[in-house]
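Structure file query14.txt (compact mmCIF, C-alpha atoms) follows.
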```txt
# COMPACT_ATOMS: atom_id res chain seq x y z
CA GLY A 1 -6.69 56.79 -47.54
CA ILE A 2 -3.70 57.90 -49.55
CA ASP A 3 -3.17 61.07 -51.51
CA VAL A 4 -2.00 59.52 -54.83
CA GLN A 5 -4.53 59.02 -57.66
CA SER A 6 -2.40 56.52 -59.57
CA THR A 7 0.79 54.53 -59.13
CA PRO A 8 3.71 53.76 -61.46
CA ARG A 9 3.59 50.24 -62.82
CA ASP A 10 7.12 49.64 -61.54
CA TYR A 11 5.87 49.15 -57.99
CA SER A 12 2.10 48.92 -58.43
CA PHE A 13 0.38 46.00 -56.72
CA CYS A 14 -1.94 45.83 -59.71
CA ALA A 15 1.00 45.13 -62.04
CA HIS A 16 1.33 41.79 -60.25
CA ALA A 17 -2.39 41.09 -60.21
CA ILE A 18 -2.86 41.67 -63.94
CA ASN A 19 -0.27 38.98 -64.77
CA SER A 20 -2.52 36.28 -63.32
CA LYS A 21 -6.07 35.19 -64.02
CA GLU A 22 -6.65 34.56 -60.34
CA PRO A 23 -7.22 37.21 -57.64
CA LEU A 24 -4.13 38.56 -55.90
CA ILE A 25 -4.71 38.70 -52.15
CA ILE A 26 -2.13 40.37 -49.88
CA GLU A 27 -3.36 40.15 -46.32
CA ASN A 28 -0.40 42.03 -44.83
CA ALA A 29 2.07 43.72 -47.18
CA CYS A 30 4.49 44.32 -44.33
CA LYS A 31 5.01 40.56 -44.02
CA ASP A 32 5.09 39.86 -47.75
CA ASP A 33 8.58 39.48 -49.23
CA ARG A 34 7.40 41.10 -52.47
CA PHE A 35 5.90 44.24 -50.96
CA TYR A 36 7.32 44.91 -47.48
CA ASP A 37 9.61 47.63 -48.88
CA ASN A 38 7.19 48.84 -51.56
CA PRO A 39 6.64 52.64 -51.57
CA LEU A 40 2.88 52.03 -51.36
CA THR A 41 3.35 49.91 -48.25
CA GLU A 42 5.35 52.73 -46.71
CA GLN A 43 2.41 55.05 -47.52
CA GLY A 44 -0.04 52.83 -45.65
CA VAL A 45 -1.26 50.23 -48.14
CA ILE A 46 -1.17 47.12 -45.97
CA PHE A 47 -4.05 45.06 -47.33
CA TYR A 48 -4.65 44.51 -51.04
CA ALA A 49 -7.11 42.37 -52.97
CA GLY A 50 -7.12 42.69 -56.75
CA VAL A 51 -8.94 40.83 -59.54
CA PRO A 52 -7.68 41.14 -63.14
CA LEU A 53 -10.14 42.51 -65.68
CA PHE A 54 -10.19 40.50 -68.91
CA THR A 55 -12.36 41.25 -71.93
CA SER A 56 -14.36 38.56 -73.71
CA ASN A 57 -11.46 38.38 -76.19
CA GLY A 58 -8.96 37.72 -73.44
CA TYR A 59 -7.35 41.16 -73.32
CA ALA A 60 -6.28 42.44 -69.89
CA LEU A 61 -7.66 45.90 -69.19
CA GLY A 62 -6.45 46.34 -65.63
CA THR A 63 -7.61 45.27 -62.20
CA LEU A 64 -10.42 45.86 -59.79
CA CYS A 65 -8.94 46.17 -56.35
CA THR A 66 -9.65 47.11 -52.78
CA ILE A 67 -7.06 48.29 -50.25
CA ASP A 68 -6.88 49.03 -46.54
CA SER A 69 -4.37 50.44 -44.07
CA SER A 70 -4.61 47.41 -41.78
CA PRO A 71 -4.27 43.65 -42.33
CA LYS A 72 -7.38 41.83 -43.55
CA LYS A 73 -8.44 38.31 -44.44
CA LEU A 74 -11.20 37.75 -47.02
CA SER A 75 -13.60 34.84 -46.88
CA LYS A 76 -14.29 32.67 -49.95
CA SER A 77 -17.66 34.36 -50.29
CA GLN A 78 -16.08 37.82 -50.29
CA ILE A 79 -13.55 36.77 -52.92
CA GLU A 80 -16.35 35.36 -55.11
CA HIS A 81 -18.26 38.61 -54.76
CA LEU A 82 -15.13 40.52 -55.81
CA LYS A 83 -14.80 38.28 -58.88
CA LYS A 84 -18.43 38.89 -59.86
CA LEU A 85 -17.94 42.61 -59.42
CA ALA A 86 -14.92 42.42 -61.73
CA ILE A 87 -16.98 40.60 -64.37
CA GLN A 88 -19.68 43.25 -64.13
CA THR A 89 -17.05 45.98 -64.47
CA VAL A 90 -15.73 44.45 -67.69
CA ARG A 91 -19.27 44.21 -69.04
CA LEU A 92 -19.81 47.89 -68.35
CA PHE A 93 -16.53 48.74 -70.12
CA GLU A 94 -17.51 46.67 -73.16
CA LEU A 95 -21.00 48.12 -73.18
CA ARG A 96 -19.49 51.59 -73.12
CA ARG A 97 -17.18 50.70 -76.00
CA LYS A 98 -20.05 49.30 -78.05
CA LYS A 99 -22.10 52.42 -77.35
CA ILE A 100 -19.27 54.62 -78.60
CA GLU A 101 -18.95 52.49 -81.75
CA LEU A 102 -22.71 52.63 -82.25
CA ASP A 103 -22.72 56.42 -81.79
CA ILE A 104 -20.01 56.71 -84.45
CA LEU A 105 -21.98 54.50 -86.85
CA ASN A 106 -25.15 56.49 -86.18
CA ASP A 107 -23.31 59.75 -86.90
CA GLN A 108 -22.01 58.30 -90.16
CA LEU A 109 -25.49 57.06 -91.04
CA ASP A 110 -26.98 60.49 -90.30
CA GLN A 111 -24.41 62.11 -92.58
CA LYS A 112 -25.14 59.63 -95.38
CA ASN A 113 -28.88 60.09 -94.96
CA GLU A 114 -28.48 63.85 -95.12
CA LEU A 115 -26.35 63.50 -98.25
CA LEU A 116 -28.98 61.21 -99.75
CA LEU A 117 -31.75 63.69 -98.95
CA GLN A 118 -29.82 66.56 -100.50
CA THR A 119 -29.07 64.44 -103.57
CA GLN A 120 -32.75 63.55 -103.89
CA LYS A 121 -33.78 67.20 -103.64
CA ILE A 122 -31.24 68.31 -106.22
CA ASN A 123 -32.36 65.59 -108.64
CA ASN A 124 -36.10 65.88 -107.87
CA LEU A 125 -36.07 62.26 -106.72
CA GLY A 126 -38.35 60.70 -104.10
CA SER A 127 -38.93 57.16 -102.84
CA TRP A 128 -42.08 55.10 -102.46
CA GLU A 129 -43.07 51.62 -101.39
CA MET A 130 -46.07 49.38 -101.98
CA ASP A 131 -47.40 46.64 -99.73
CA ILE A 132 -47.98 43.76 -102.15
CA GLU A 133 -50.82 42.17 -100.16
CA THR A 134 -52.87 45.33 -99.61
CA ARG A 135 -51.55 47.28 -102.63
CA LYS A 136 -51.28 50.26 -100.30
CA THR A 137 -48.66 52.73 -101.52
CA THR A 138 -46.64 54.97 -99.22
CA TRP A 139 -44.79 58.06 -100.40
CA ASN A 140 -41.71 58.44 -98.23
CA ASP A 141 -40.59 61.87 -99.37
CA GLU A 142 -42.18 65.29 -99.69
CA ILE A 143 -40.63 65.48 -103.15
CA ILE A 144 -43.14 63.01 -104.57
CA TYR A 145 -46.02 65.17 -103.33
CA GLN A 146 -44.35 68.15 -104.98
CA ILE A 147 -43.98 66.26 -108.26
CA HIS A 148 -47.73 65.56 -108.26
CA ASP A 149 -48.52 69.14 -107.13
CA VAL A 150 -50.56 67.87 -104.19
CA PRO A 151 -50.46 68.60 -100.42
CA THR A 152 -48.76 66.14 -98.08
CA ASN A 153 -52.13 64.95 -96.75
CA PHE A 154 -53.16 63.78 -100.22
CA ASP A 155 -54.65 60.28 -100.46
CA ASN A 156 -52.05 58.65 -102.70
CA SER A 157 -54.24 55.63 -103.36
CA LYS A 158 -55.54 57.76 -106.23
CA ALA A 159 -52.06 58.48 -107.63
CA GLU A 160 -52.57 56.23 -110.63
CA LYS A 161 -54.93 58.77 -112.20
CA PHE A 162 -52.03 61.21 -112.74
CA TYR A 163 -50.33 58.98 -115.31
CA HIS A 164 -51.02 59.71 -118.94
CA PRO A 165 -53.56 57.19 -120.32
CA LYS A 166 -50.93 55.66 -122.61
CA CYS A 167 -48.54 55.20 -119.67
CA LYS A 168 -51.02 53.90 -117.10
CA GLU A 169 -51.27 50.45 -118.68
CA ILE A 170 -47.47 50.22 -119.02
CA VAL A 171 -46.93 51.07 -115.35
CA ASN A 172 -49.59 48.61 -114.14
CA LYS A 173 -48.08 45.85 -116.27
CA ALA A 174 -44.59 46.58 -114.93
CA ILE A 175 -45.84 46.43 -111.34
CA SER A 176 -47.63 43.11 -111.98
CA GLU A 177 -44.53 41.55 -113.53
CA CYS A 178 -42.43 42.88 -110.67
CA ILE A 179 -44.73 41.10 -108.20
CA ASP A 180 -45.16 37.87 -110.14
CA LYS A 181 -41.73 37.49 -111.75
CA LYS A 182 -39.58 39.69 -109.49
CA GLU A 183 -38.61 41.73 -112.55
CA PRO A 184 -37.44 45.26 -111.64
CA PHE A 185 -38.65 48.11 -113.82
CA ASN A 186 -37.29 51.47 -114.93
CA LEU A 187 -39.83 53.46 -116.94
CA VAL A 188 -40.01 56.95 -118.41
CA CYS A 189 -43.62 58.15 -118.46
CA ARG A 190 -45.77 61.20 -118.87
CA MET A 191 -48.07 62.42 -116.14
CA VAL A 192 -50.49 65.30 -115.64
CA THR A 193 -50.27 66.85 -112.17
CA ALA A 194 -53.07 68.15 -109.96
CA LYS A 195 -52.35 71.58 -111.46
CA ASP A 196 -52.71 70.23 -115.02
CA LYS A 197 -48.99 70.42 -115.69
CA LEU A 198 -47.52 67.88 -118.09
CA LYS A 199 -44.40 66.30 -116.63
CA TRP A 200 -41.99 63.59 -117.66
CA VAL A 201 -41.07 61.25 -114.82
CA ARG A 202 -38.83 58.25 -114.34
CA THR A 203 -40.30 55.59 -112.06
CA THR A 204 -38.39 52.54 -110.84
CA GLY A 205 -39.30 49.60 -108.65
CA ARG A 206 -38.07 46.23 -107.41
CA LYS A 207 -39.52 43.54 -105.19
CA VAL A 208 -38.05 43.35 -101.69
CA GLY A 209 -39.76 40.80 -99.45
CA ASP A 210 -43.47 41.55 -99.31
CA LYS A 211 -43.04 45.05 -100.74
CA ILE A 212 -42.10 46.87 -103.90
CA ILE A 213 -39.53 49.59 -103.23
CA GLY A 214 -39.17 52.28 -105.84
CA SER A 215 -38.40 55.86 -106.77
CA LEU A 216 -40.02 58.66 -108.74
CA GLN A 217 -38.00 61.39 -110.42
CA ASP A 218 -39.12 64.50 -112.26
CA ILE A 219 -37.03 64.51 -115.45
CA SER A 220 -39.06 67.12 -117.30
CA THR A 221 -36.13 69.53 -117.59
CA LEU A 222 -33.80 66.81 -118.86
CA THR A 223 -36.40 65.49 -121.29
CA HIS A 224 -37.19 68.95 -122.66
CA SER A 225 -33.47 69.61 -123.10
CA GLU A 226 -33.10 66.30 -124.92
CA PHE A 227 -36.02 67.09 -127.23
CA ARG A 228 -34.59 70.54 -127.88
CA PHE A 229 -31.17 69.09 -128.66
CA LYS A 230 -32.66 66.58 -131.08
CA SER A 231 -34.69 69.33 -132.73
CA ILE A 232 -31.54 71.43 -133.21
CA LEU A 233 -29.72 68.47 -134.73
CA GLU A 234 -32.61 67.74 -137.06
CA GLY A 235 -32.80 71.42 -138.01
CA THR A 236 -29.11 71.50 -138.93
CA ASN A 237 -29.41 68.24 -140.89
CA SER A 238 -26.51 66.75 -138.91
CA GLY A 239 -25.47 63.14 -138.71
CA THR A 240 -25.34 61.66 -135.21
CA TRP A 241 -24.17 58.48 -133.55
CA GLU A 242 -24.36 57.03 -130.09
CA TRP A 243 -21.68 54.81 -128.56
CA ASN A 244 -22.29 52.65 -125.49
CA ILE A 245 -18.92 52.73 -123.74
CA GLU A 246 -19.61 49.57 -121.74
CA THR A 247 -20.83 47.33 -124.58
CA GLY A 248 -19.15 49.02 -127.54
CA GLU A 249 -22.49 49.14 -129.38
CA THR A 250 -22.86 52.07 -131.77
CA ILE A 251 -26.09 53.43 -133.29
CA PHE A 252 -26.24 55.90 -136.22
CA ASN A 253 -29.07 58.10 -137.45
CA GLU A 254 -30.29 58.21 -141.06
CA ARG A 255 -28.40 61.42 -141.91
CA TRP A 256 -25.09 59.88 -140.78
CA ALA A 257 -25.71 56.86 -142.98
CA GLU A 258 -26.56 59.13 -145.90
CA ILE A 259 -23.39 61.22 -145.41
CA ILE A 260 -21.09 58.20 -145.58
CA GLY A 261 -23.03 56.56 -148.40
CA TYR A 262 -24.86 53.76 -146.61
CA THR A 263 -28.44 52.94 -145.78
CA LEU A 264 -29.55 52.88 -142.14
CA GLU A 265 -30.17 49.15 -142.41
CA GLU A 266 -26.52 48.64 -143.37
CA LEU A 267 -25.51 50.49 -140.22
CA THR A 268 -27.57 48.48 -137.78
CA PRO A 269 -26.13 48.53 -134.21
CA ILE A 270 -22.55 47.40 -134.47
CA ASN A 271 -19.77 46.83 -131.96
CA ILE A 272 -16.75 48.96 -132.65
CA ASN A 273 -14.58 46.99 -130.24
```

Show me, as structure tokens, the structure contained in the file I just sent.
Amino acid sequence: GIDVQSTPRDYSFCAHAINSKEPLIIENACKDDRFYDNPLTEQGVIFYAGVPLFTSNGYALGTLCTIDSSPKKLSKSQIEHLKKLAIQTVRLFELRRKKIELDILNDQLDQKNELLLQTQKINNLGSWEMDIETRKTTWNDEIIYQIHDVPTNFDNSKAEKFYHPKCKEIVNKAISECIDKKEPFNLVCRMVTAKDKLKWVRTTGRKVGDKIIGSLQDISTLTHSEFRFKSILEGTNSGTWEWNIETGETIFNERWAEIIGYTLEELTPININ
């Protein structure tokens, strides 16, 4: 063998091999006008057989080569085997590259999933899905069990009973229309948990294939804050208005209409754009 681990491209045999799509066979470098005075020949590289390595996109990666310190002559079968070995080498390189890319994507996916989980926890939001044929519902997150105040081994086929009687019919109707008409739903409902706690929840759902995919969020704190805010406004006899930035639609309350000398009917939703 030789001591060097790599060779400069200036006099590398492989630099010649990579410029061709066919194998480069040098049976005796000492008798080859291109390599008789090559530094590698002087170090004992007499025989060389190299096959260029091309990717599926046609990019040259390098060569697969074999060398010896004495003259050699390869048979057609040996050359074909060398070609097949080169193809297999390229496949291994590409497989390695794809694995690295997949690992990067998996890392990114893990980070996004972790961010999603943290976001769900912060917002008391969990996901669920229903098999349309069997009507079997699966709770995908521990958060939903926590919202219902039940253990994680709870039989959620009985989850419907937690909805307030006035909301139960609304939810069932929304699910039916989602199945039959593919209409998504976004409902705010009341429910009574296993610990007899009254909670406000937002439930959403949409049809995806043979399932309904949805979410359940505990919005009790937000709802209570909203009720409290409205109570304060009513207690101070203040006029209020709401403006939808996207549509430009504006809605006024009765006190606002009274302050500016109009009736509420005269201030029906208008567009201020």

Which residues are near Asn153 of chain A? Cut-off 12 Å, all atoms listed in the file, ignore same chain within fewer than 4 positions. Put them as a list in words.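 In the requested form, the answer reads Thr138, Trp139, Glu142, Tyr145, Gln146, Asp149 and Ser157 of chain A.
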
Using all atoms of segment 50-57 of chain A listed in the file and a margin of 3 Å per side, can you give the axis-aligned box centre and edge lengths in Å to one decimal, as lines of an AutoDock Vina configuration file?
```
center_x = -10.7
center_y = 40.5
center_z = -66.5
size_x = 13.2
size_y = 10.3
size_z = 25.4
```

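Among the candidate residues A:Cys178, A:Leu115, A:Leu125, A:Ile104, the one lying nearest to Ile143 of chain A is A:Leu125, with distances computed using all atoms listed in the file.
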
Best match for closeness to Ser70 of chain A among A:Asn28, A:Asn124, A:Thr247, A:Asn106, counting all atoms listed in the file: A:Asn28
